[in-house]
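So this block is input.cif, mmCIF, C-alpha atoms:
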```
data_structure
loop_
_atom_site.group_PDB
_atom_site.id
_atom_site.type_symbol
_atom_site.label_atom_id
_atom_site.label_comp_id
_atom_site.auth_asym_id
_atom_site.auth_seq_id
_atom_site.Cartn_x
_atom_site.Cartn_y
_atom_site.Cartn_z
ATOM 1 C CA MET A 1 -13.183 -3.754 15.449
ATOM 2 C CA ALA A 2 -14.386 -0.543 13.852
ATOM 3 C CA GLU A 3 -16.186 -1.008 10.534
ATOM 4 C CA ALA A 4 -16.886 2.609 9.667
ATOM 5 C CA SER A 5 -15.151 4.010 6.607
ATOM 6 C CA GLU A 6 -14.061 7.183 8.374
ATOM 7 C CA PHE A 7 -10.429 7.590 9.337
ATOM 8 C CA PRO A 8 -9.896 8.630 12.977
ATOM 9 C CA VAL A 9 -8.524 12.096 12.105
ATOM 10 C CA ALA A 10 -9.454 14.833 9.638
ATOM 11 C CA PRO A 11 -7.555 14.835 6.322
ATOM 12 C CA SER A 12 -4.933 17.350 5.280
ATOM 13 C CA GLU A 13 -3.495 18.142 1.853
ATOM 14 C CA VAL A 14 -0.018 18.705 0.457
ATOM 15 C CA GLU A 15 0.938 19.751 -3.054
ATOM 16 C CA LEU A 16 3.581 17.592 -4.728
ATOM 17 C CA SER A 17 5.041 17.717 -8.219
ATOM 18 C CA ALA A 18 2.347 15.344 -9.544
ATOM 19 C CA GLY A 19 -0.588 17.061 -7.833
ATOM 20 C CA VAL A 20 -2.324 17.382 -4.494
ATOM 21 C CA ILE A 21 -2.075 14.421 -2.126
ATOM 22 C CA THR A 22 -4.473 13.934 0.780
ATOM 23 C CA TYR A 23 -3.162 12.476 4.018
ATOM 24 C CA GLU A 24 -4.154 11.894 7.628
ATOM 25 C CA ASP A 25 -1.829 12.704 10.509
ATOM 26 C CA THR A 26 -2.590 11.762 14.103
ATOM 27 C CA GLY A 27 0.090 14.178 15.334
ATOM 28 C CA GLY A 28 1.963 13.927 18.591
ATOM 29 C CA ASP A 29 5.604 13.559 19.599
ATOM 30 C CA GLY A 30 5.916 9.808 19.171
ATOM 31 C CA PRO A 31 8.008 8.053 16.519
ATOM 32 C CA VAL A 32 6.635 8.646 13.025
ATOM 33 C CA ILE A 33 5.011 5.790 11.119
ATOM 34 C CA VAL A 34 4.044 6.339 7.466
ATOM 35 C CA LEU A 35 1.577 3.726 6.235
ATOM 36 C CA LEU A 36 1.015 2.996 2.532
ATOM 37 C CA HIS A 37 -1.926 1.250 0.868
ATOM 38 C CA GLY A 38 -2.439 -0.542 -2.445
ATOM 39 C CA VAL A 39 -4.328 -0.123 -5.705
ATOM 40 C CA ALA A 40 -7.956 1.057 -5.652
ATOM 41 C CA MET A 41 -7.842 1.801 -1.928
ATOM 42 C CA ASN A 42 -7.151 4.815 0.243
ATOM 43 C CA GLY A 43 -5.655 5.457 3.641
ATOM 44 C CA SER A 44 -8.713 4.043 5.411
ATOM 45 C CA LEU A 45 -7.178 0.599 4.865
ATOM 46 C CA TRP A 46 -5.168 1.409 8.001
ATOM 47 C CA ARG A 47 -8.022 2.762 10.161
ATOM 48 C CA ASN A 48 -8.125 -0.204 12.555
ATOM 49 C CA VAL A 49 -4.329 -0.390 12.858
ATOM 50 C CA VAL A 50 -3.984 3.360 13.467
ATOM 51 C CA ASP A 51 -6.642 3.163 16.198
ATOM 52 C CA ARG A 52 -4.303 0.773 18.029
ATOM 53 C CA LEU A 53 -1.031 2.649 17.402
ATOM 54 C CA ARG A 54 -1.917 6.312 17.745
ATOM 55 C CA GLY A 55 -1.456 6.389 21.508
ATOM 56 C CA ASP A 56 2.287 5.741 21.223
ATOM 57 C CA PHE A 57 3.149 6.799 17.661
ATOM 58 C CA ARG A 58 2.491 9.576 15.189
ATOM 59 C CA CYS A 59 0.732 7.878 12.274
ATOM 60 C CA VAL A 60 0.841 9.591 8.866
ATOM 61 C CA VAL A 61 -1.265 7.974 6.163
ATOM 62 C CA PRO A 62 -1.223 9.390 2.621
ATOM 63 C CA THR A 63 -3.725 8.395 -0.036
ATOM 64 C CA LEU A 64 -1.561 7.597 -3.043
ATOM 65 C CA PRO A 65 -2.708 8.170 -6.657
ATOM 66 C CA LEU A 66 -3.558 4.510 -7.159
ATOM 67 C CA GLY A 67 -7.263 4.863 -7.938
ATOM 68 C CA GLY A 68 -8.718 5.607 -4.510
ATOM 69 C CA HIS A 69 -7.605 9.254 -4.593
ATOM 70 C CA ARG A 70 -10.240 11.962 -5.015
ATOM 71 C CA ARG A 71 -8.213 14.665 -6.768
ATOM 72 C CA PRO A 72 -6.730 13.717 -10.154
ATOM 73 C CA MET A 73 -3.031 14.172 -10.699
ATOM 74 C CA ARG A 74 -1.643 16.466 -13.377
ATOM 75 C CA PRO A 75 -2.040 15.000 -16.874
ATOM 76 C CA ASP A 76 1.731 14.793 -17.362
ATOM 77 C CA ALA A 77 2.433 13.200 -13.955
ATOM 78 C CA ASP A 78 4.676 10.143 -13.894
ATOM 79 C CA LEU A 79 2.453 7.527 -12.275
ATOM 80 C CA SER A 80 4.524 4.483 -13.113
ATOM 81 C CA VAL A 81 5.478 2.213 -10.235
ATOM 82 C CA LEU A 82 8.737 4.114 -9.774
ATOM 83 C CA GLY A 83 6.994 7.449 -10.320
ATOM 84 C CA VAL A 84 4.566 6.815 -7.459
ATOM 85 C CA ALA A 85 7.425 5.577 -5.265
ATOM 86 C CA ARG A 86 9.258 8.839 -5.913
ATOM 87 C CA LEU A 87 6.110 10.692 -4.827
ATOM 88 C CA VAL A 88 6.390 8.882 -1.500
ATOM 89 C CA ALA A 89 9.973 10.149 -1.141
ATOM 90 C CA GLU A 90 8.810 13.653 -2.100
ATOM 91 C CA PHE A 91 5.967 13.421 0.431
ATOM 92 C CA LEU A 92 8.434 12.640 3.221
ATOM 93 C CA GLU A 93 10.654 15.529 2.131
ATOM 94 C CA VAL A 94 7.905 18.144 1.820
ATOM 95 C CA LEU A 95 6.520 17.253 5.263
ATOM 96 C CA ASP A 96 10.119 17.084 6.589
ATOM 97 C CA LEU A 97 9.555 13.651 8.117
ATOM 98 C CA GLN A 98 12.799 12.139 9.377
ATOM 99 C CA ASP A 99 13.707 8.664 10.617
ATOM 100 C CA VAL A 100 10.287 7.346 9.683
ATOM 101 C CA THR A 101 9.102 3.775 9.859
ATOM 102 C CA LEU A 102 7.709 3.097 6.398
ATOM 103 C CA VAL A 103 4.959 0.482 6.406
ATOM 104 C CA MET A 104 3.504 -0.941 3.190
ATOM 105 C CA ASN A 105 0.747 -3.414 2.449
ATOM 106 C CA ASP A 106 -0.320 -4.813 -0.933
ATOM 107 C CA TRP A 107 1.576 -2.133 -2.902
ATOM 108 C CA GLY A 108 5.268 -2.986 -2.995
ATOM 109 C CA GLY A 109 6.504 -0.058 -5.043
ATOM 110 C CA ALA A 110 8.099 1.634 -2.062
ATOM 111 C CA GLN A 111 10.772 -1.072 -2.111
ATOM 112 C CA SER A 112 12.156 0.691 -5.183
ATOM 113 C CA LEU A 113 13.097 3.682 -3.010
ATOM 114 C CA VAL A 114 16.103 1.707 -1.814
ATOM 115 C CA ALA A 115 17.203 0.848 -5.356
ATOM 116 C CA ASP A 116 16.558 4.466 -6.380
ATOM 117 C CA ARG A 117 18.696 5.821 -3.498
ATOM 118 C CA ARG A 118 15.783 7.793 -2.051
ATOM 119 C CA ASP A 119 15.527 6.062 1.316
ATOM 120 C CA GLN A 120 17.498 8.550 3.416
ATOM 121 C CA ARG A 121 14.472 9.531 5.504
ATOM 122 C CA ILE A 122 13.514 5.921 6.233
ATOM 123 C CA GLY A 123 14.803 4.622 9.553
ATOM 124 C CA LYS A 124 12.948 1.320 9.559
ATOM 125 C CA LEU A 125 10.932 -0.760 7.118
ATOM 126 C CA VAL A 126 7.820 -2.841 7.747
ATOM 127 C CA ILE A 127 6.853 -4.853 4.681
ATOM 128 C CA THR A 128 3.503 -6.619 5.005
ATOM 129 C CA SER A 129 2.184 -9.009 2.337
ATOM 130 C CA CYS A 130 2.842 -7.023 -0.822
ATOM 131 C CA GLU A 131 4.167 -7.088 -4.358
ATOM 132 C CA ALA A 132 7.770 -8.255 -4.550
ATOM 133 C CA PHE A 133 10.237 -9.667 -7.034
ATOM 134 C CA ASP A 134 8.361 -10.191 -10.316
ATOM 135 C CA ASN A 135 4.856 -10.422 -8.808
ATOM 136 C CA TYR A 136 3.581 -7.265 -10.555
ATOM 137 C CA PRO A 137 0.669 -7.129 -11.199
ATOM 138 C CA PRO A 138 0.052 -9.549 -8.361
ATOM 139 C CA GLY A 139 -1.837 -12.786 -8.710
ATOM 140 C CA LEU A 140 -5.218 -13.326 -10.315
ATOM 141 C CA PRO A 141 -6.755 -9.971 -9.300
ATOM 142 C CA GLY A 142 -3.694 -8.113 -10.579
ATOM 143 C CA SER A 143 -3.772 -9.918 -13.908
ATOM 144 C CA ASN A 144 -7.469 -9.121 -14.246
ATOM 145 C CA LEU A 145 -6.824 -5.440 -13.521
ATOM 146 C CA TYR A 146 -3.989 -5.317 -16.045
ATOM 147 C CA ALA A 147 -6.172 -6.888 -18.744
ATOM 148 C CA SER A 148 -8.927 -4.354 -18.018
ATOM 149 C CA ALA A 149 -6.507 -1.422 -18.202
ATOM 150 C CA LYS A 150 -5.362 -2.464 -21.676
ATOM 151 C CA LEU A 151 -8.887 -2.310 -23.127
ATOM 152 C CA PRO A 152 -10.660 0.953 -24.016
ATOM 153 C CA GLY A 153 -13.224 1.504 -21.275
ATOM 154 C CA GLY A 154 -12.000 -1.600 -19.496
ATOM 155 C CA LEU A 155 -11.392 -0.003 -16.113
ATOM 156 C CA SER A 156 -14.754 1.745 -16.213
ATOM 157 C CA LEU A 157 -16.508 -1.575 -16.795
ATOM 158 C CA ALA A 158 -14.405 -3.509 -14.288
ATOM 159 C CA PHE A 159 -15.171 -1.122 -11.442
ATOM 160 C CA ALA A 160 -18.801 -0.606 -12.465
ATOM 161 C CA LEU A 161 -19.253 -4.348 -11.893
ATOM 162 C CA LEU A 162 -17.988 -3.849 -8.343
ATOM 163 C CA LYS A 163 -21.107 -1.821 -7.577
ATOM 164 C CA LEU A 164 -22.696 -5.273 -7.403
ATOM 165 C CA ARG A 165 -21.632 -6.418 -3.966
ATOM 166 C CA PRO A 166 -21.465 -10.175 -4.702
ATOM 167 C CA MET A 167 -18.857 -9.412 -7.388
ATOM 168 C CA ARG A 168 -16.474 -8.161 -4.725
ATOM 169 C CA ARG A 169 -15.813 -11.625 -3.329
ATOM 170 C CA LEU A 170 -14.858 -13.283 -6.588
ATOM 171 C CA PRO A 171 -11.270 -14.616 -6.892
ATOM 172 C CA VAL A 172 -10.590 -12.264 -9.825
ATOM 173 C CA THR A 173 -11.612 -9.188 -7.818
ATOM 174 C CA TRP A 174 -11.250 -8.927 -4.029
ATOM 175 C CA GLY A 175 -12.132 -12.423 -2.847
ATOM 176 C CA ARG A 176 -8.483 -13.422 -2.443
ATOM 177 C CA MET A 177 -7.389 -10.105 -0.980
ATOM 178 C CA SER A 178 -9.003 -10.479 2.435
ATOM 179 C CA LYS A 179 -10.228 -13.572 4.199
ATOM 180 C CA ARG A 180 -13.139 -11.628 5.643
ATOM 181 C CA PRO A 181 -15.190 -9.228 3.515
ATOM 182 C CA VAL A 182 -14.085 -5.619 3.745
ATOM 183 C CA PRO A 183 -17.089 -3.585 4.988
ATOM 184 C CA HIS A 184 -19.105 -2.387 2.013
ATOM 185 C CA ALA A 185 -19.042 1.230 3.242
ATOM 186 C CA VAL A 186 -15.240 1.110 3.129
ATOM 187 C CA MET A 187 -15.145 -0.431 -0.339
ATOM 188 C CA ASP A 188 -17.706 2.057 -1.641
ATOM 189 C CA GLU A 189 -15.381 4.848 -0.515
ATOM 190 C CA TRP A 190 -12.401 3.164 -2.169
ATOM 191 C CA PHE A 191 -14.157 2.685 -5.513
ATOM 192 C CA ARG A 192 -16.226 5.877 -5.747
ATOM 193 C CA PRO A 193 -13.495 7.992 -7.410
ATOM 194 C CA LEU A 194 -13.115 5.317 -10.093
ATOM 195 C CA TRP A 195 -16.881 5.192 -10.588
ATOM 196 C CA THR A 196 -17.238 8.935 -11.036
ATOM 197 C CA SER A 197 -14.027 10.371 -12.514
ATOM 198 C CA PRO A 198 -12.485 9.606 -15.932
ATOM 199 C CA GLU A 199 -9.336 11.419 -14.741
ATOM 200 C CA ILE A 200 -8.962 9.101 -11.769
ATOM 201 C CA ARG A 201 -9.357 6.125 -14.098
ATOM 202 C CA ARG A 202 -6.698 7.717 -16.325
ATOM 203 C CA ASP A 203 -4.342 7.948 -13.350
ATOM 204 C CA LEU A 204 -4.905 4.322 -12.419
ATOM 205 C CA ARG A 205 -4.425 3.193 -16.016
ATOM 206 C CA LYS A 206 -1.074 4.993 -16.151
ATOM 207 C CA TYR A 207 0.023 3.170 -13.033
ATOM 208 C CA VAL A 208 -1.190 -0.297 -14.041
ATOM 209 C CA LEU A 209 0.420 -0.044 -17.482
ATOM 210 C CA GLY A 210 3.578 1.538 -16.061
ATOM 211 C CA VAL A 211 5.072 -1.647 -14.645
ATOM 212 C CA PRO A 212 8.720 -2.093 -15.700
ATOM 213 C CA PRO A 213 10.183 -5.337 -17.070
ATOM 214 C CA LYS A 214 10.386 -8.263 -14.653
ATOM 215 C CA ALA A 215 14.183 -8.066 -14.565
ATOM 216 C CA GLU A 216 13.948 -4.495 -13.236
ATOM 217 C CA LEU A 217 11.359 -5.522 -10.652
ATOM 218 C CA SER A 218 13.576 -8.314 -9.394
ATOM 219 C CA ARG A 219 16.534 -5.919 -9.228
ATOM 220 C CA TRP A 220 14.537 -3.596 -6.968
ATOM 221 C CA SER A 221 13.825 -6.407 -4.533
ATOM 222 C CA GLU A 222 17.408 -7.659 -4.601
ATOM 223 C CA ARG A 223 18.662 -4.167 -3.726
ATOM 224 C CA LEU A 224 16.957 -4.473 -0.355
ATOM 225 C CA ALA A 225 20.231 -6.166 0.600
ATOM 226 C CA ASP A 226 21.595 -2.605 0.759
ATOM 227 C CA PHE A 227 19.071 -1.520 3.403
ATOM 228 C CA ASP A 228 21.182 -1.752 6.569
ATOM 229 C CA ARG A 229 18.524 -0.569 9.025
ATOM 230 C CA PRO A 230 15.974 -2.572 11.056
ATOM 231 C CA ALA A 231 13.301 -4.254 8.952
ATOM 232 C CA LEU A 232 10.251 -6.346 9.782
ATOM 233 C CA VAL A 233 8.530 -8.569 7.232
ATOM 234 C CA VAL A 234 4.964 -9.508 8.191
ATOM 235 C CA TRP A 235 3.314 -11.962 5.817
ATOM 236 C CA ALA A 236 -0.053 -13.677 5.707
ATOM 237 C CA ALA A 237 0.589 -17.404 6.011
ATOM 238 C CA GLU A 238 -2.468 -18.172 3.856
ATOM 239 C CA ASP A 239 -1.880 -15.460 1.261
ATOM 240 C CA LYS A 240 -3.395 -16.310 -2.130
ATOM 241 C CA VAL A 241 -2.002 -13.318 -4.036
ATOM 242 C CA MET A 242 1.414 -12.566 -2.527
ATOM 243 C CA PRO A 243 3.342 -15.865 -2.195
ATOM 244 C CA PRO A 244 4.485 -16.523 1.408
ATOM 245 C CA GLU A 245 7.803 -17.615 -0.082
ATOM 246 C CA HIS A 246 8.349 -13.981 -1.087
ATOM 247 C CA GLY A 247 8.083 -12.905 2.534
ATOM 248 C CA ARG A 248 10.746 -15.394 3.533
ATOM 249 C CA ARG A 249 13.033 -14.301 0.678
ATOM 250 C CA LEU A 250 12.651 -10.618 1.579
ATOM 251 C CA ALA A 251 13.498 -11.293 5.227
ATOM 252 C CA GLU A 252 16.636 -13.162 4.145
ATOM 253 C CA LEU A 253 17.681 -10.336 1.803
ATOM 254 C CA LEU A 254 17.389 -7.597 4.400
ATOM 255 C CA PRO A 255 20.552 -7.473 6.566
ATOM 256 C CA GLN A 256 18.482 -6.755 9.687
ATOM 257 C CA GLY A 257 15.326 -8.464 8.472
ATOM 258 C CA HIS A 258 12.992 -10.382 10.771
ATOM 259 C CA LEU A 259 10.020 -12.442 9.540
ATOM 260 C CA VAL A 260 6.659 -12.904 11.205
ATOM 261 C CA GLU A 261 3.897 -14.946 9.586
ATOM 262 C CA VAL A 262 0.301 -14.099 10.493
ATOM 263 C CA ALA A 263 -2.292 -16.863 10.614
ATOM 264 C CA ASP A 264 -5.919 -16.573 9.508
ATOM 265 C CA SER A 265 -5.352 -13.758 7.012
ATOM 266 C CA TYR A 266 -4.967 -13.062 3.328
ATOM 267 C CA THR A 267 -3.083 -10.123 1.782
ATOM 268 C CA LEU A 268 -4.953 -7.319 3.542
ATOM 269 C CA ILE A 269 -3.658 -8.020 7.021
ATOM 270 C CA PRO A 270 -4.833 -4.542 8.177
ATOM 271 C CA GLU A 271 -8.379 -5.762 7.462
ATOM 272 C CA ASP A 272 -8.134 -9.390 8.571
ATOM 273 C CA GLN A 273 -5.816 -9.086 11.581
ATOM 274 C CA PRO A 274 -5.376 -5.416 12.587
ATOM 275 C CA THR A 275 -4.810 -6.169 16.272
ATOM 276 C CA VAL A 276 -2.089 -8.711 15.531
ATOM 277 C CA LEU A 277 -0.432 -6.456 12.965
ATOM 278 C CA ALA A 278 -0.495 -3.421 15.248
ATOM 279 C CA ALA A 279 1.046 -5.496 18.051
ATOM 280 C CA HIS A 280 3.893 -6.652 15.792
ATOM 281 C CA ILE A 281 4.591 -3.108 14.583
ATOM 282 C CA SER A 282 4.521 -1.722 18.117
ATOM 283 C CA ALA A 283 6.800 -4.435 19.503
ATOM 284 C CA PHE A 284 9.235 -3.942 16.610
ATOM 285 C CA LEU A 285 9.474 -0.195 17.194
ATOM 286 C CA LEU A 286 9.548 -0.274 20.965
ATOM 287 C CA LYS A 287 12.242 -2.957 20.915
ATOM 288 C CA GLY A 288 14.357 -0.702 18.734
ATOM 289 C CA ALA A 289 13.790 2.236 21.061
ATOM 290 C CA SER A 290 14.912 0.262 24.126
ATOM 291 C CA SER A 291 17.971 -1.333 22.566
#
```

Would you mind writing the structure in this file as structure tokens?
Amino acid sequence: MAEASEFPVAPSEVELSAGVITYEDTGGDGPVIVLLHGVAMNGSLWRNVVDRLRGDFRCVVPTLPLGGHRRPMRPDADLSVLGVARLVAEFLEVLDLQDVTLVMNDWGGAQSLVADRRDQRIGKLVITSCEAFDNYPPGLPGSNLYASAKLPGGLSLAFALLKLRPMRRLPVTWGRMSKRPVPHAVMDEWFRPLWTSPEIRRDLRKYVLGVPPKAELSRWSERLADFDRPALVVWAAEDKVMPPEHGRRLAELLPQGHLVEVADSYTLIPEDQPTVLAAHISAFLLKGASS
């Protein structure tokens, strides 16, 4: 398994209403997969999965404005959960990506695209261990991040502590996110924008504090019952942050939902079990193509 922080292709940029978004695109004529990461990460979360999929699929991986982005968004940008989800829809439109398979891990905001009626370009969904129902912010690390965002200078202090590598494996930080430590070079790349840029910390604060009421969050998840296209739910059986019960509920909600539970992994399945996850995604898409 590759441990370098570099993504396998050079990054590109696209200007959206909120600002400039960086993304990687493996190119090719295969079916398009768009892969989304979570808070305080970037597209390199998917590096080991993309390495296994790029031979058969075109993989497009944006870095969302969730703290791991390098270029701040405009000061007036809507970076609430729904605001970032709408940026995903805008990203698909600007790049004219059609019939995409949208894959999400950790960040569950893209589920709101269905409730918001902005899912026309999505042909299939792959939901892997992520926020759902009222689990925003998720678990102990999410609650810790939310508390930090509410305090003046809180995010600066919280991420400065993550320069100390032992801090990264605590339950309140990243210890419950992956069963195996994420390579430090990768995490350094994820956190560096938050270490160096007050504007990036501003963007993340807007997102963390922009979570709607729990009733609205639950409504978004329930509206997945309207998604009448193929859907795969892949959940970590040992997840400590995203309850496995949520994976089962999502699969039952989706009219064409299918559930797979992955052993020996926490939330970040792309880190803990990239080979297994890539195999499930590939089988799901190739089965659809042959049916």

* May I ask which of the residues A:Lys214, A:Arg176, A:His69, A:His246 is the closest one to Leu268 of chain A, counting all atoms listed in the file? => A:Arg176

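The environment of Ser129 of chain A within 9 Å, counting only C-alpha atoms and disregarding residues fewer than 3 places along the same chain, consists of A:Met104, A:Asn105, A:Asp106, A:Trp107, A:Gly108, A:Ala132, A:Val233, A:Val234, A:Trp235, A:Ala236, A:Asp239, A:Val241, A:Met242, A:Pro243, A:Pro244, A:His246, A:Gly247, A:Tyr266, A:Thr267, A:Leu268, A:Ile269.
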
Using all atoms listed in the file, find each residue in segment 74-172 of chain A having at least one atom no more than 7 Å away from segment 203-212 of chain A; report its shortest atom-to-atom pair and that distance in Å (one decimal), rows by chain then rising number, as JSON lines.
```
{"residue": "A:Leu79", "atom": "CA", "partner": "A:Tyr207", "partner_atom": "CA", "distance": 5.0}
{"residue": "A:Ser80", "atom": "CA", "partner": "A:Gly210", "partner_atom": "CA", "distance": 4.3}
{"residue": "A:Val81", "atom": "CA", "partner": "A:Val211", "partner_atom": "CA", "distance": 5.9}
{"residue": "A:Tyr146", "atom": "CA", "partner": "A:Val208", "partner_atom": "CA", "distance": 6.1}
{"residue": "A:Ala149", "atom": "CA", "partner": "A:Arg205", "partner_atom": "CA", "distance": 5.5}
```

Hey, which bits of segment 35-96 of chain A sit within 12 Å of segment 140-145 of chain A, and for each residue what's the closest pair of atoms and how far apart in Å (one decimal), counting all atoms listed in the file, rows by chain and increasing number, as CSV?
```
residue,atom,partner,partner_atom,distance
A:Gly38,CA,A:Gly142,CA,11.2
A:Val39,CA,A:Gly142,CA,9.4
A:Ala40,CA,A:Leu145,CA,10.3
A:Gly67,CA,A:Leu145,CA,11.7
```

* Spell out the residues picked by the PyMOL selection byres ((chain A and resi 152-166) around 9) here, as a PyMOL selection string. => chain A and resi 144-145+147-151+167-170+173+184+188+191+194-195+198+201+204-205

* Asked: Looking at A:Thr275, A:Gln98, A:Ser17, A:Asn42, which one is nearest to Met73 of chain A, with distances taken over only C-alpha atoms?
  -> A:Ser17

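Applied to the shown file, the PyMOL selection byres ((chain A and resi 228) around 7) selects the residues Asp226, Phe227, Arg229, Pro230, Pro255 and Gln256 of chain A.
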
* Residue nearest Asp116 of chain A among A:Asp134, A:Ala279, A:Leu224, A:Leu102 (counting only C-alpha atoms) -> A:Leu224

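Residues matched by the PyMOL selection byres ((chain A and resi 23) around 9) in this structure: Ala10, Pro11, Ser12, Glu13, Val14, Ile21, Thr22, Glu24, Asp25, Gly43, Val60, Val61, Pro62, Thr63 and Leu64 of chain A.
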
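Of the residues under consideration (A:Leu82, A:Val186, A:Met177, A:Ala77), A:Ala77 shows the shortest atom-to-atom contact distance to Val20 of chain A when counting all atoms listed in the file.
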
* To do: Neighbourhood query: residues within 6 Å of (14.1, -1.4, -9.0), file coordinates, counting all atoms listed in the file; return as a ChimeraX atom specification.
  => /A:112,115,216-217,219-220

Could you work out an axis-aligned bounding box for all listed atoms of segment 246-265 of chain A, with 5 Å added on each of the six sides, and give its centre and edge lengths in Å to one decimal, as lines of an AutoDock Vina configuration file?
```
center_x = 7.3
center_y = -11.8
center_z = 5.1
size_x = 36.5
size_y = 20.1
size_z = 22.3
```

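The smallest atom-to-atom distance between Leu250 of chain A and any of A:Trp46, A:Phe57, A:Trp190, A:Phe133, using all atoms listed in the file, is found for A:Phe133.
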